[in-house]
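One file, protein05.pdb, is given below (PDB, C-alpha atoms).
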```
ATOM      1  CA  MET A  17      10.490 -25.962 -10.247
ATOM      2  CA  SER A  18       6.921 -25.783  -9.001
ATOM      3  CA  GLU A  19       4.062 -26.969 -11.207
ATOM      4  CA  TRP A  20       2.311 -23.643 -10.517
ATOM      5  CA  PRO A  21       4.936 -20.983  -9.720
ATOM      6  CA  GLU A  22       2.441 -18.113  -9.333
ATOM      7  CA  LEU A  23       0.509 -20.030  -6.666
ATOM      8  CA  ASP A  24       3.726 -21.149  -5.020
ATOM      9  CA  ALA A  25       4.942 -17.550  -4.833
ATOM     10  CA  PHE A  26       1.630 -16.360  -3.387
ATOM     11  CA  LEU A  27       1.595 -19.032  -0.686
ATOM     12  CA  THR A  28       5.228 -18.535   0.304
ATOM     13  CA  THR A  29       5.420 -16.363   3.411
ATOM     14  CA  ASP A  30       8.499 -14.588   4.683
ATOM     15  CA  PRO A  31       9.116 -14.414   8.451
ATOM     16  CA  ALA A  32      10.914 -11.100   7.919
ATOM     17  CA  ASP A  33       7.740  -9.499   6.483
ATOM     18  CA  VAL A  34       6.990  -6.529   8.773
ATOM     19  CA  GLY A  35       3.297  -6.195   7.876
ATOM     20  CA  CYS A  36       1.380  -3.193   6.571
ATOM     21  CA  ASP A  37       1.571  -0.862   9.574
ATOM     22  CA  GLU A  38       5.362  -0.866   9.880
ATOM     23  CA  ALA A  39       5.887  -0.694   6.106
ATOM     24  CA  MET A  40       3.571   2.316   5.820
ATOM     25  CA  ARG A  41       5.137   3.981   8.870
ATOM     26  CA  ILE A  42       8.493   4.322   7.146
ATOM     27  CA  LEU A  43       7.340   4.335   3.534
ATOM     28  CA  HIS A  44       8.599   7.910   2.981
ATOM     29  CA  VAL A  45      12.085   6.956   4.168
ATOM     30  CA  TYR A  46      12.148   3.773   2.103
ATOM     31  CA  VAL A  47      10.916   5.530  -1.034
ATOM     32  CA  GLU A  48      13.582   8.220  -0.833
ATOM     33  CA  LEU A  49      16.281   5.544  -0.552
ATOM     34  CA  VAL A  50      14.906   3.849  -3.660
ATOM     35  CA  ALA A  51      14.610   7.169  -5.514
ATOM     36  CA  ARG A  52      18.261   7.929  -4.704
ATOM     37  CA  GLY A  53      19.340   4.554  -6.024
ATOM     38  CA  ASP A  54      20.366   3.276  -2.581
ATOM     39  CA  ASP A  55      19.805  -0.357  -1.651
ATOM     40  CA  ALA A  56      16.632   0.185   0.372
ATOM     41  CA  GLY A  57      15.957  -3.553   0.468
ATOM     42  CA  ALA A  58      19.272  -4.236   2.192
ATOM     43  CA  ARG A  59      18.584  -1.584   4.814
ATOM     44  CA  TYR A  60      14.953  -2.552   5.366
ATOM     45  CA  PRO A  61      14.622  -6.199   4.244
ATOM     46  CA  GLY A  62      11.363  -6.686   6.118
ATOM     47  CA  VAL A  63       9.801  -3.744   4.325
ATOM     48  CA  ALA A  64      11.108  -4.926   0.947
ATOM     49  CA  SER A  65       9.643  -8.366   1.614
ATOM     50  CA  HIS A  66       6.299  -6.880   2.599
ATOM     51  CA  LEU A  67       6.069  -4.613  -0.439
ATOM     52  CA  ARG A  68       6.665  -7.631  -2.702
ATOM     53  CA  GLN A  69       3.905  -9.638  -1.025
ATOM     54  CA  CYS A  70       1.221  -7.062  -0.204
ATOM     55  CA  GLY A  71      -0.559  -5.687  -3.271
ATOM     56  CA  PRO A  72      -2.099  -2.586  -1.644
ATOM     57  CA  CYS A  73       1.130  -1.564   0.113
ATOM     58  CA  GLY A  74       3.044  -2.199  -3.112
ATOM     59  CA  GLU A  75       0.594   0.101  -4.880
ATOM     60  CA  ASP A  76       1.134   2.795  -2.231
ATOM     61  CA  PHE A  77       4.886   2.399  -2.673
ATOM     62  CA  GLU A  78       4.563   2.849  -6.449
ATOM     63  CA  GLY A  79       2.382   5.905  -5.960
ATOM     64  CA  LEU A  80       4.741   7.635  -3.552
ATOM     65  CA  LEU A  81       7.768   6.746  -5.662
ATOM     66  CA  ALA A  82       6.070   8.281  -8.718
ATOM     67  CA  LEU A  83       5.411  11.512  -6.785
ATOM     68  CA  VAL A  84       8.999  11.695  -5.542
ATOM     69  CA  ALA A  85      10.496  10.872  -8.944
ATOM     70  CA  ASP A  86       8.341  13.444 -10.725
ATOM     71  CA  PRO A  87       6.994  15.878  -8.098
ATOM     72  CA  PRO A  88       3.865  17.961  -8.677
ATOM     73  CA  ILE A  89       4.689  21.497  -9.796
ATOM     74  CA  GLU A  90       5.116  23.818  -6.829
ATOM     75  CA  SER A  91       3.168  27.040  -6.552
ATOM     76  CA  ALA A  92       4.746  30.329  -7.634
ATOM     77  CA  ALA A  93       4.883  31.384  -3.965
ATOM     78  CA  THR A  94       6.875  28.300  -2.972
ATOM     79  CA  ARG A  95       9.273  28.725  -5.888
ATOM     80  CA  LEU A  96       9.815  32.390  -4.985
ATOM     81  CA  ARG A  97      10.486  31.551  -1.331
ATOM     82  CA  LYS A  98      13.062  28.916  -2.346
ATOM     83  CA  LYS A  99      14.748  31.443  -4.608
ATOM     84  CA  ILE A 100      14.954  34.034  -1.832
ATOM     85  CA  ARG A 101      16.253  31.422   0.622
ATOM     86  CA  GLY A 102      18.924  30.420  -1.886
ATOM     87  CA  ARG A 103      20.254  33.983  -2.006
ATOM     88  CA  ARG A 104      20.741  34.243   1.752
TER      89      ARG A 104
ATOM     90  CA  MET B 243      13.359  -4.272  12.693
ATOM     91  CA  ALA B 244      15.410  -1.117  12.827
ATOM     92  CA  GLY B 245      13.549   2.170  12.779
ATOM     93  CA  ALA B 246      14.071   4.989  10.335
ATOM     94  CA  ALA B 247      17.214   7.111  10.290
ATOM     95  CA  PRO B 248      17.695   9.359  13.320
ATOM     96  CA  GLU B 249      17.041  13.068  13.109
ATOM     97  CA  HIS B 250      19.999  15.181  12.003
ATOM     98  CA  GLY B 251      18.216  18.510  11.690
ATOM     99  CA  LEU B 252      15.802  19.572   8.987
ATOM    100  CA  ASP B 253      16.820  20.630   5.505
ATOM    101  CA  PRO B 254      16.010  24.297   4.747
ATOM    102  CA  GLY B 255      12.884  23.438   2.750
ATOM    103  CA  ALA B 256      11.496  21.236   5.520
ATOM    104  CA  ALA B 257      12.413  23.757   8.239
ATOM    105  CA  ASP B 258      10.555  26.441   6.288
ATOM    106  CA  TRP B 259       7.401  24.320   6.043
ATOM    107  CA  VAL B 260       7.523  23.326   9.709
ATOM    108  CA  ALA B 261       8.062  26.927  10.857
ATOM    109  CA  ARG B 262       5.269  28.306   8.688
ATOM    110  CA  LEU B 263       2.803  25.592   9.717
ATOM    111  CA  ASP B 264       3.453  26.212  13.413
ATOM    112  CA  VAL B 265       0.261  27.343  15.147
ATOM    113  CA  ARG B 266       2.071  30.553  16.245
ATOM    114  CA  ALA B 267       3.373  31.427  12.761
ATOM    115  CA  ARG B 268       2.144  34.732  11.338
ATOM    116  CA  ASP B 269       1.715  33.385   7.804
ATOM    117  CA  ARG B 270       0.310  30.006   8.817
ATOM    118  CA  GLU B 271      -2.906  30.581   6.890
ATOM    119  CA  SER B 272      -1.098  31.090   3.604
ATOM    120  CA  ALA B 273       1.196  28.126   4.359
ATOM    121  CA  VAL B 274      -1.832  25.899   4.924
ATOM    122  CA  ARG B 275      -3.373  27.061   1.633
ATOM    123  CA  GLU B 276      -0.077  26.390  -0.137
ATOM    124  CA  LEU B 277       0.185  22.942   1.430
ATOM    125  CA  GLN B 278      -3.386  22.081   0.531
ATOM    126  CA  ALA B 279      -2.849  23.166  -3.080
ATOM    127  CA  LEU B 280       0.350  21.097  -3.324
ATOM    128  CA  LEU B 281      -1.338  18.027  -1.834
ATOM    129  CA  LEU B 282      -4.298  18.450  -4.174
ATOM    130  CA  ARG B 283      -1.950  18.366  -7.160
ATOM    131  CA  ALA B 284      -0.309  15.252  -5.710
ATOM    132  CA  ALA B 285      -3.696  13.632  -5.044
ATOM    133  CA  ARG B 286      -4.885  14.291  -8.601
ATOM    134  CA  ARG B 287      -1.732  12.672  -9.959
ATOM    135  CA  GLU B 288      -2.109   9.659  -7.691
ATOM    136  CA  VAL B 289      -5.816   9.240  -8.458
ATOM    137  CA  ALA B 290      -5.091   9.471 -12.193
ATOM    138  CA  ARG B 291      -2.340   6.864 -11.838
ATOM    139  CA  ARG B 292      -4.775   4.446 -10.169
ATOM    140  CA  ALA B 293      -7.815   5.282 -12.302
ATOM    141  CA  ALA B 294      -7.534   2.340 -14.681
ATOM    142  CA  GLY B 295      -7.916  -0.224 -11.922
ATOM    143  CA  THR B 296     -10.803   1.462 -10.111
ATOM    144  CA  GLY B 297     -13.595   1.703 -12.665
ATOM    145  CA  LEU B 298     -13.976   5.340 -11.627
ATOM    146  CA  SER B 299     -13.807   8.344 -13.898
ATOM    147  CA  GLY B 300     -14.399  12.087 -14.239
ATOM    148  CA  ARG B 301     -16.167  13.735 -11.314
ATOM    149  CA  GLU B 302     -15.756  10.733  -8.996
ATOM    150  CA  LEU B 303     -11.981  10.783  -9.437
ATOM    151  CA  ASP B 304     -11.801  14.507  -8.796
ATOM    152  CA  ASP B 305     -13.966  14.131  -5.675
ATOM    153  CA  ILE B 306     -11.619  11.437  -4.369
ATOM    154  CA  ALA B 307      -8.594  13.643  -5.064
ATOM    155  CA  THR B 308     -10.172  16.628  -3.295
ATOM    156  CA  GLN B 309     -11.221  14.602  -0.250
ATOM    157  CA  ALA B 310      -7.838  12.864  -0.070
ATOM    158  CA  ALA B 311      -5.989  16.189  -0.268
ATOM    159  CA  ASP B 312      -8.193  17.740   2.440
ATOM    160  CA  ASP B 313      -7.748  14.773   4.789
ATOM    161  CA  ALA B 314      -4.014  14.572   4.067
ATOM    162  CA  THR B 315      -3.679  18.280   4.860
ATOM    163  CA  CYS B 316      -5.451  17.730   8.190
ATOM    164  CA  ALA B 317      -3.164  14.769   8.936
ATOM    165  CA  VAL B 318      -0.044  16.795   8.150
ATOM    166  CA  LEU B 319      -1.205  19.689  10.351
ATOM    167  CA  ALA B 320      -2.001  17.300  13.199
ATOM    168  CA  LYS B 321       1.367  15.549  12.960
ATOM    169  CA  VAL B 322       3.763  18.274  11.841
ATOM    170  CA  ASP B 323       5.218  18.399  15.381
ATOM    171  CA  MET B 324       6.235  14.752  14.937
ATOM    172  CA  PHE B 325       8.097  15.321  11.659
ATOM    173  CA  ARG B 326      11.743  14.448  12.326
ATOM    174  CA  GLY B 327      13.331  15.084   8.970
ATOM    175  CA  GLU B 328      13.831  11.398   8.141
ATOM    176  CA  SER B 329      12.858  12.337   4.581
ATOM    177  CA  SER B 330      12.102  15.583   2.799
ATOM    178  CA  PHE B 331       8.976  17.293   4.102
ATOM    179  CA  THR B 332       7.118  16.896   0.828
ATOM    180  CA  THR B 333       7.800  13.134   0.629
ATOM    181  CA  TRP B 334       6.488  12.789   4.180
ATOM    182  CA  ALA B 335       3.397  14.837   3.272
ATOM    183  CA  TYR B 336       2.797  12.963  -0.004
ATOM    184  CA  ARG B 337       2.707   9.722   1.986
ATOM    185  CA  PHE B 338      -0.498  10.943   3.664
ATOM    186  CA  VAL B 339      -1.957  11.721   0.243
ATOM    187  CA  VAL B 340      -1.199   8.236  -1.075
ATOM    188  CA  LEU B 341      -2.679   6.564   2.012
ATOM    189  CA  GLU B 342      -5.810   8.721   1.838
ATOM    190  CA  VAL B 343      -6.270   7.940  -1.860
ATOM    191  CA  SER B 344      -5.954   4.206  -1.081
ATOM    192  CA  ASN B 345      -8.549   4.481   1.625
ATOM    193  CA  LYS B 346     -11.011   6.459  -0.479
ATOM    194  CA  VAL B 347     -10.676   4.217  -3.516
ATOM    195  CA  GLY B 348     -11.467   1.310  -1.162
ATOM    196  CA  ARG B 349     -14.654   3.065  -0.036
ATOM    197  CA  HIS B 350     -15.786   3.576  -3.622
ATOM    198  CA  PHE B 351     -15.327  -0.140  -4.350
ATOM    199  CA  TRP B 352     -18.600  -0.909  -2.568
ATOM    200  CA  ARG B 353     -20.583   1.258  -4.957
ATOM    201  CA  HIS B 354     -20.293  -1.639  -7.400
ATOM    202  CA  PRO B 355     -21.101  -4.729  -5.274
ATOM    203  CA  ARG B 356     -19.922  -8.138  -6.425
ATOM    204  CA  ALA B 357     -22.133 -11.195  -6.922
ATOM    205  CA  GLU B 358     -22.055 -13.914  -4.290
ATOM    206  CA  LEU B 359     -19.336 -16.536  -4.621
ATOM    207  CA  THR B 360     -20.579 -19.686  -6.312
ATOM    208  CA  ASP B 361     -19.109 -23.112  -6.881
ATOM    209  CA  GLU B 362     -17.826 -22.080 -10.274
ATOM    210  CA  ASP B 363     -15.871 -19.190  -8.795
ATOM    211  CA  TRP B 364     -13.157 -21.616  -7.768
ATOM    212  CA  SER B 365     -12.368 -21.905 -11.453
ATOM    213  CA  ARG B 366     -11.142 -18.308 -11.191
ATOM    214  CA  LEU B 367      -8.216 -19.377  -9.044
ATOM    215  CA  PRO B 368      -5.743 -19.596 -11.964
ATOM    216  CA  ASP B 369      -6.984 -16.194 -13.184
ATOM    217  CA  ALA B 370      -6.302 -14.713  -9.774
ATOM    218  CA  PHE B 371      -2.628 -15.541 -10.200
ATOM    219  CA  GLY B 372      -2.423 -14.523 -13.847
ATOM    220  CA  THR B 373      -1.828 -18.086 -14.962
ATOM    221  CA  SER B 374      -1.908 -18.575 -18.726
ATOM    222  CA  PRO B 375      -5.047 -20.376 -20.019
ATOM    223  CA  PRO B 376      -3.216 -23.336 -21.621
ATOM    224  CA  LEU B 377      -1.962 -24.344 -18.182
ATOM    225  CA  VAL B 378      -5.333 -24.142 -16.432
ATOM    226  CA  ALA B 379      -6.470 -27.667 -17.312
ATOM    227  CA  GLU B 380      -3.168 -29.103 -16.137
ATOM    228  CA  LEU B 381      -3.568 -27.328 -12.819
ATOM    229  CA  ARG B 382      -7.039 -28.692 -12.051
ATOM    230  CA  ASP B 383      -5.769 -31.140  -9.410
ATOM    231  CA  LEU B 384      -3.779 -28.453  -7.679
ATOM    232  CA  SER B 385      -6.777 -26.097  -7.752
ATOM    233  CA  ARG B 386      -8.859 -28.780  -6.072
ATOM    234  CA  ALA B 387      -6.163 -29.304  -3.458
ATOM    235  CA  VAL B 388      -6.149 -25.572  -2.671
ATOM    236  CA  ARG B 389      -9.913 -25.607  -2.324
ATOM    237  CA  ARG B 390      -9.776 -28.566   0.059
ATOM    238  CA  ALA B 391      -7.138 -26.793   2.160
ATOM    239  CA  VAL B 392      -9.240 -23.627   2.271
ATOM    240  CA  GLU B 393     -12.362 -25.559   3.294
ATOM    241  CA  ASP B 394     -10.718 -27.930   5.773
ATOM    242  CA  ASP B 395      -7.812 -26.066   7.327
ATOM    243  CA  LEU B 396      -8.786 -22.407   7.562
ATOM    244  CA  THR B 397     -10.918 -20.802  10.222
ATOM    245  CA  GLU B 398     -14.207 -19.343   9.063
ATOM    246  CA  HIS B 399     -12.708 -15.832   9.160
ATOM    247  CA  GLN B 400      -9.591 -16.879   7.250
ATOM    248  CA  ARG B 401     -11.743 -18.675   4.662
ATOM    249  CA  GLY B 402     -13.939 -15.629   4.160
ATOM    250  CA  VAL B 403     -10.990 -13.282   3.759
ATOM    251  CA  PHE B 404      -9.231 -15.678   1.355
ATOM    252  CA  GLN B 405     -12.315 -16.050  -0.823
ATOM    253  CA  ASP B 406     -13.019 -12.304  -0.873
ATOM    254  CA  ALA B 407      -9.440 -11.208  -1.468
ATOM    255  CA  VAL B 408      -8.221 -13.947  -3.794
ATOM    256  CA  LEU B 409     -11.247 -15.346  -5.650
ATOM    257  CA  ARG B 410     -13.397 -12.219  -5.753
ATOM    258  CA  GLY B 411     -10.431  -9.884  -6.029
ATOM    259  CA  ILE B 412     -11.779  -7.437  -3.446
ATOM    260  CA  PRO B 413      -9.023  -4.996  -2.446
ATOM    261  CA  LEU B 414      -7.863  -5.309   1.174
ATOM    262  CA  ASP B 415      -8.775  -1.663   1.870
ATOM    263  CA  ALA B 416     -12.346  -2.302   0.749
ATOM    264  CA  LEU B 417     -12.497  -5.497   2.811
ATOM    265  CA  ALA B 418     -11.131  -3.672   5.833
ATOM    266  CA  LEU B 419     -14.085  -1.281   5.658
ATOM    267  CA  ARG B 420     -16.559  -4.166   5.453
ATOM    268  CA  HIS B 421     -14.970  -5.964   8.425
ATOM    269  CA  ASP B 422     -14.442  -2.726  10.371
ATOM    270  CA  THR B 423     -10.766  -3.545  10.716
ATOM    271  CA  THR B 424      -7.436  -2.503   9.236
ATOM    272  CA  ARG B 425      -5.463  -3.487   6.164
ATOM    273  CA  ASN B 426      -2.736  -4.775   8.486
ATOM    274  CA  ALA B 427      -5.127  -7.054  10.394
ATOM    275  CA  LEU B 428      -6.495  -8.536   7.151
ATOM    276  CA  TYR B 429      -2.997  -8.977   5.752
ATOM    277  CA  LYS B 430      -2.107 -10.932   8.896
ATOM    278  CA  THR B 431      -5.216 -13.096   8.460
ATOM    279  CA  LEU B 432      -4.316 -13.744   4.818
ATOM    280  CA  PHE B 433      -0.691 -14.372   5.749
ATOM    281  CA  ASP B 434      -1.713 -17.104   8.198
ATOM    282  CA  ALA B 435      -4.145 -18.546   5.639
ATOM    283  CA  ARG B 436      -1.405 -18.712   2.982
ATOM    284  CA  ARG B 437       0.897 -20.443   5.451
ATOM    285  CA  LYS B 438      -1.730 -23.075   6.343
ATOM    286  CA  ILE B 439      -2.677 -23.760   2.719
ATOM    287  CA  ARG B 440       0.962 -24.123   1.777
ATOM    288  CA  ALA B 441       1.577 -26.527   4.654
ATOM    289  CA  ARG B 442      -1.298 -28.726   3.451
ATOM    290  CA  LEU B 443      -0.070 -28.670  -0.159
ATOM    291  CA  VAL B 444       3.447 -29.558   0.951
ATOM    292  CA  ALA B 445       2.123 -32.384   3.163
ATOM    293  CA  ASN B 446       0.194 -33.771   0.181
ATOM    294  CA  GLY B 447       3.181 -33.493  -2.111
ATOM    295  CA  HIS B 448       1.666 -30.792  -4.319
ATOM    296  CA  LEU B 449       4.374 -28.245  -3.506
ATOM    297  CA  GLY B 450       8.022 -28.473  -2.551
ATOM    298  CA  ASP B 451       8.978 -28.053   1.102
ATOM    299  CA  GLU B 452      10.134 -24.513   1.831
ATOM    300  CA  ARG B 453       9.871 -23.150   5.316
ATOM    301  CA  SER B 454       7.270 -20.466   5.857
ATOM    302  CA  GLU B 455       6.629 -18.853   9.198
ATOM    303  CA  GLU B 456       4.240 -16.503  10.854
ATOM    304  CA  VAL B 457       4.533 -12.752  10.355
ATOM    305  CA  ARG B 458       5.070 -10.486  13.316
ATOM    306  CA  PRO B 459       3.489  -7.218  12.235
TER     307      PRO B 459
END
```
What is this structure when it is put down as structure tokens?
Amino acid sequence: MSEWPELDAFLTTDPADVGCDEAMRILHVYVELVARGDDAGARYPGVASHLRQCGPCGEDFEGLLALVADPPIESAATRLRKKIRGRR
Amino acid sequence: MAGAAPEHGLDPGAADWVARLDVRARDRESAVRELQALLLRAARREVARRAAGTGLSGRELDDIATQAADDATCAVLAKVDMFRGESSFTTWAYRFVVLEVSNKVGRHFWRHPRAELTDEDWSRLPDAFGTSPPLVAELRDLSRAVRRAVEDDLTEHQRGVFQDAVLRGIPLDALALRHDTTRNALYKTLFDARRKIRARLVANGHLGDERSEEVRP
């Protein structure tokens, strides 16, 4: 075990890490997999690795996941349109 | 790296949004208003979630939410033709909100400038990693070794980014604005810096030997 595990973890880089641009490009897809309980990390290991290592992208992931898990209330107009569509 | 799932048609909710936001749609104006209102609610939630770490409050937070929602709405309208149904429409749209909030919080960071880095700031290194105070004294040698690696092995740009991001705790989005670059470019710089520092610490016997390679963003 490392003398300083937090430093060791920070300095350890993963060659699979896709970087910020690619992770953010498919963040919506990744987040929905996570929200559904699917193994998003197995499907997109490079994204999972990046989100663990990159603080800002990890924060964006948490933010989008929170919005998907508990969506903002839709307007009355949107709710009415969904209701009408459901009756067709 | 595989791309996202292929398109298999849009779900009814997404198809409705896409049709109503089409430039030829009769009720596009009301759809845009509806979208903007939805994204504003999402932006307010996201700004509130991040508020504790920003030092912002009240009017400033609401301004950020409003600007983020407006810019996210513009982004959605500009890119709606590219939406392929890889996720629900709202998840796709919320992504723009989250990215805009990130960006705008980064801009506000510079309203509270940090002091210049001094010699003593290297003592913050354990703090930067959330290391418990009782261990700090024991880690003094390792801290010094990190500092030597930063000073000897990194390029000037890598050293600057490491010091700003790690010792000063400046968010990458805020740094990206200062350097007129992107979060991705700075992450790559930091990634290479981490790799070099680790290599030096391994060579000196301060850390165990685990392979680390260069990212290909």
List the residues selected by the ChimeraX specification (/B :<7) & /A in the file shown, writing them as a ChimeraX atom specification.
-> /A:18,22-23,27-31,33-37,42,44-45,48,72,76,79-80,83-84,88,90
For CA of Arg420 in chain B and CA of Arg401 in chain B, the interatomic separation in Å (one decimal) =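 Computed distance, CA of Arg420 in chain B to CA of Arg401 in chain B, equals 15.3 Å.
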Two-atom distance - CA of His66 in chain A, CA of Leu396 in chain B (Å) |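 CA of His66 in chain A sits 22.2 Å away from CA of Leu396 in chain B.
All residues of protein, DNA or RNA that reach within 12 Å of Val265 in chain B, judged by all atoms listed in the file and not counting those fewer than 6 positions away in the chain, are Trp259, Glu271, Ala273, Val274, Leu319, Ala320, Val322 and Asp323 of chain B.
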Of the listed residues B:Arg326, B:Lys321, B:His350, B:Arg268, that which approaches Gly251 in chain B most closely, counting all atoms listed in the file | B:Arg326
Kindly compute an axis-aligned box around the listed atoms of range 411-415 of chain B, allowing 4 Å on each side, and express its centre and edge lengths in Å to one decimal as lines of an AutoDock Vina configuration file.
```
center_x = -9.8
center_y = -5.8
center_z = -2.1
size_x = 11.9
size_y = 16.2
size_z = 15.9
```
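Taking CA of Met324 in chain B and CA of Val260 in chain B as the two end points, the separation is 10.1 Å.
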Explicit residue set for the PyMOL selection byres ((chain B and resi 404-407) around 9), as a PDB file with C-alpha atoms, in the frame of the given file:
```pdb
ATOM      1  CA  LEU B 359     -19.336 -16.536  -4.621  1.00  0.00           C
ATOM      2  CA  TRP B 364     -13.157 -21.616  -7.768  1.00  0.00           C
ATOM      3  CA  VAL B 392      -9.240 -23.627   2.271  1.00  0.00           C
ATOM      4  CA  HIS B 399     -12.708 -15.832   9.160  1.00  0.00           C
ATOM      5  CA  GLN B 400      -9.591 -16.879   7.250  1.00  0.00           C
ATOM      6  CA  ARG B 401     -11.743 -18.675   4.662  1.00  0.00           C
ATOM      7  CA  GLY B 402     -13.939 -15.629   4.160  1.00  0.00           C
ATOM      8  CA  VAL B 403     -10.990 -13.282   3.759  1.00  0.00           C
ATOM      9  CA  VAL B 408      -8.221 -13.947  -3.794  1.00  0.00           C
ATOM     10  CA  LEU B 409     -11.247 -15.346  -5.650  1.00  0.00           C
ATOM     11  CA  ARG B 410     -13.397 -12.219  -5.753  1.00  0.00           C
ATOM     12  CA  GLY B 411     -10.431  -9.884  -6.029  1.00  0.00           C
ATOM     13  CA  ILE B 412     -11.779  -7.437  -3.446  1.00  0.00           C
ATOM     14  CA  PRO B 413      -9.023  -4.996  -2.446  1.00  0.00           C
ATOM     15  CA  LEU B 414      -7.863  -5.309   1.174  1.00  0.00           C
ATOM     16  CA  LEU B 417     -12.497  -5.497   2.811  1.00  0.00           C
ATOM     17  CA  THR B 431      -5.216 -13.096   8.460  1.00  0.00           C
ATOM     18  CA  LEU B 432      -4.316 -13.744   4.818  1.00  0.00           C
ATOM     19  CA  ALA B 435      -4.145 -18.546   5.639  1.00  0.00           C
ATOM     20  CA  ARG B 436      -1.405 -18.712   2.982  1.00  0.00           C
TER      21      ARG B 436
END
```
What do you get, as an MDAnalysis selection string, if you spell out every residue that the PyMOL selection byres ((chain B and resi 296) around 9) selects here?
-> chainID B and resid 292:295 297:299 347:348 350:351
Go ahead and dump the residues you just picked, C-alpha atoms, as a compact mmCIF listing (two decimals), in the coordinates of the input.
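Below is the file result-v8.txt, written as the result:
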```
# COMPACT_ATOMS: atom_id res chain seq x y z
CA ARG B 292 -4.78 4.45 -10.17
CA ALA B 293 -7.82 5.28 -12.30
CA ALA B 294 -7.53 2.34 -14.68
CA GLY B 295 -7.92 -0.22 -11.92
CA GLY B 297 -13.60 1.70 -12.66
CA LEU B 298 -13.98 5.34 -11.63
CA SER B 299 -13.81 8.34 -13.90
CA VAL B 347 -10.68 4.22 -3.52
CA GLY B 348 -11.47 1.31 -1.16
CA HIS B 350 -15.79 3.58 -3.62
CA PHE B 351 -15.33 -0.14 -4.35
```
Which one of A:Cys70, A:Ala25, A:Ala64, A:Leu81 sits closest to Val47 in chain A if you count all atoms listed in the file?
->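 Going through A:Cys70, A:Ala25, A:Ala64, A:Leu81 one by one, the smallest distance to Val47 in chain A is for A:Leu81.
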Repaired coordinates for range 335-346 of chain B (N, CA and C atoms) as a PDB file, in the coordinates of the input:
```pdb
ATOM      1  N   ALA B 335       4.780  14.373   3.463  1.00  0.00           N
ATOM      2  CA  ALA B 335       3.397  14.837   3.272  1.00  0.00           C
ATOM      3  C   ALA B 335       2.689  14.049   2.166  1.00  0.00           C
ATOM      4  N   TYR B 336       3.406  13.736   1.097  1.00  0.00           N
ATOM      5  CA  TYR B 336       2.797  12.963  -0.004  1.00  0.00           C
ATOM      6  C   TYR B 336       2.363  11.572   0.479  1.00  0.00           C
ATOM      7  N   ARG B 337       3.086  11.042   1.463  1.00  0.00           N
ATOM      8  CA  ARG B 337       2.707   9.722   1.986  1.00  0.00           C
ATOM      9  C   ARG B 337       1.250   9.756   2.494  1.00  0.00           C
ATOM     10  N   PHE B 338       0.883  10.846   3.173  1.00  0.00           N
ATOM     11  CA  PHE B 338      -0.498  10.943   3.664  1.00  0.00           C
ATOM     12  C   PHE B 338      -1.482  10.978   2.492  1.00  0.00           C
ATOM     13  N   VAL B 339      -1.091  11.653   1.424  1.00  0.00           N
ATOM     14  CA  VAL B 339      -1.957  11.721   0.243  1.00  0.00           C
ATOM     15  C   VAL B 339      -2.192  10.316  -0.313  1.00  0.00           C
ATOM     16  N   VAL B 340      -1.105   9.581  -0.487  1.00  0.00           N
ATOM     17  CA  VAL B 340      -1.199   8.236  -1.075  1.00  0.00           C
ATOM     18  C   VAL B 340      -2.078   7.337  -0.199  1.00  0.00           C
ATOM     19  N   LEU B 341      -1.887   7.411   1.111  1.00  0.00           N
ATOM     20  CA  LEU B 341      -2.679   6.564   2.012  1.00  0.00           C
ATOM     21  C   LEU B 341      -4.159   6.971   1.988  1.00  0.00           C
ATOM     22  N   GLU B 342      -4.416   8.261   1.905  1.00  0.00           N
ATOM     23  CA  GLU B 342      -5.810   8.721   1.838  1.00  0.00           C
ATOM     24  C   GLU B 342      -6.459   8.302   0.519  1.00  0.00           C
ATOM     25  N   VAL B 343      -5.713   8.375  -0.568  1.00  0.00           N
ATOM     26  CA  VAL B 343      -6.270   7.940  -1.860  1.00  0.00           C
ATOM     27  C   VAL B 343      -6.601   6.454  -1.796  1.00  0.00           C
ATOM     28  N   SER B 344      -5.704   5.652  -1.257  1.00  0.00           N
ATOM     29  CA  SER B 344      -5.954   4.206  -1.081  1.00  0.00           C
ATOM     30  C   SER B 344      -7.261   3.977  -0.344  1.00  0.00           C
ATOM     31  N   ASN B 345      -7.380   4.660   0.766  1.00  0.00           N
ATOM     32  CA  ASN B 345      -8.549   4.481   1.625  1.00  0.00           C
ATOM     33  C   ASN B 345      -9.835   4.871   0.888  1.00  0.00           C
ATOM     34  N   LYS B 346      -9.790   5.973   0.176  1.00  0.00           N
ATOM     35  CA  LYS B 346     -11.011   6.459  -0.479  1.00  0.00           C
ATOM     36  C   LYS B 346     -11.373   5.625  -1.703  1.00  0.00           C
TER      37      LYS B 346
END
```
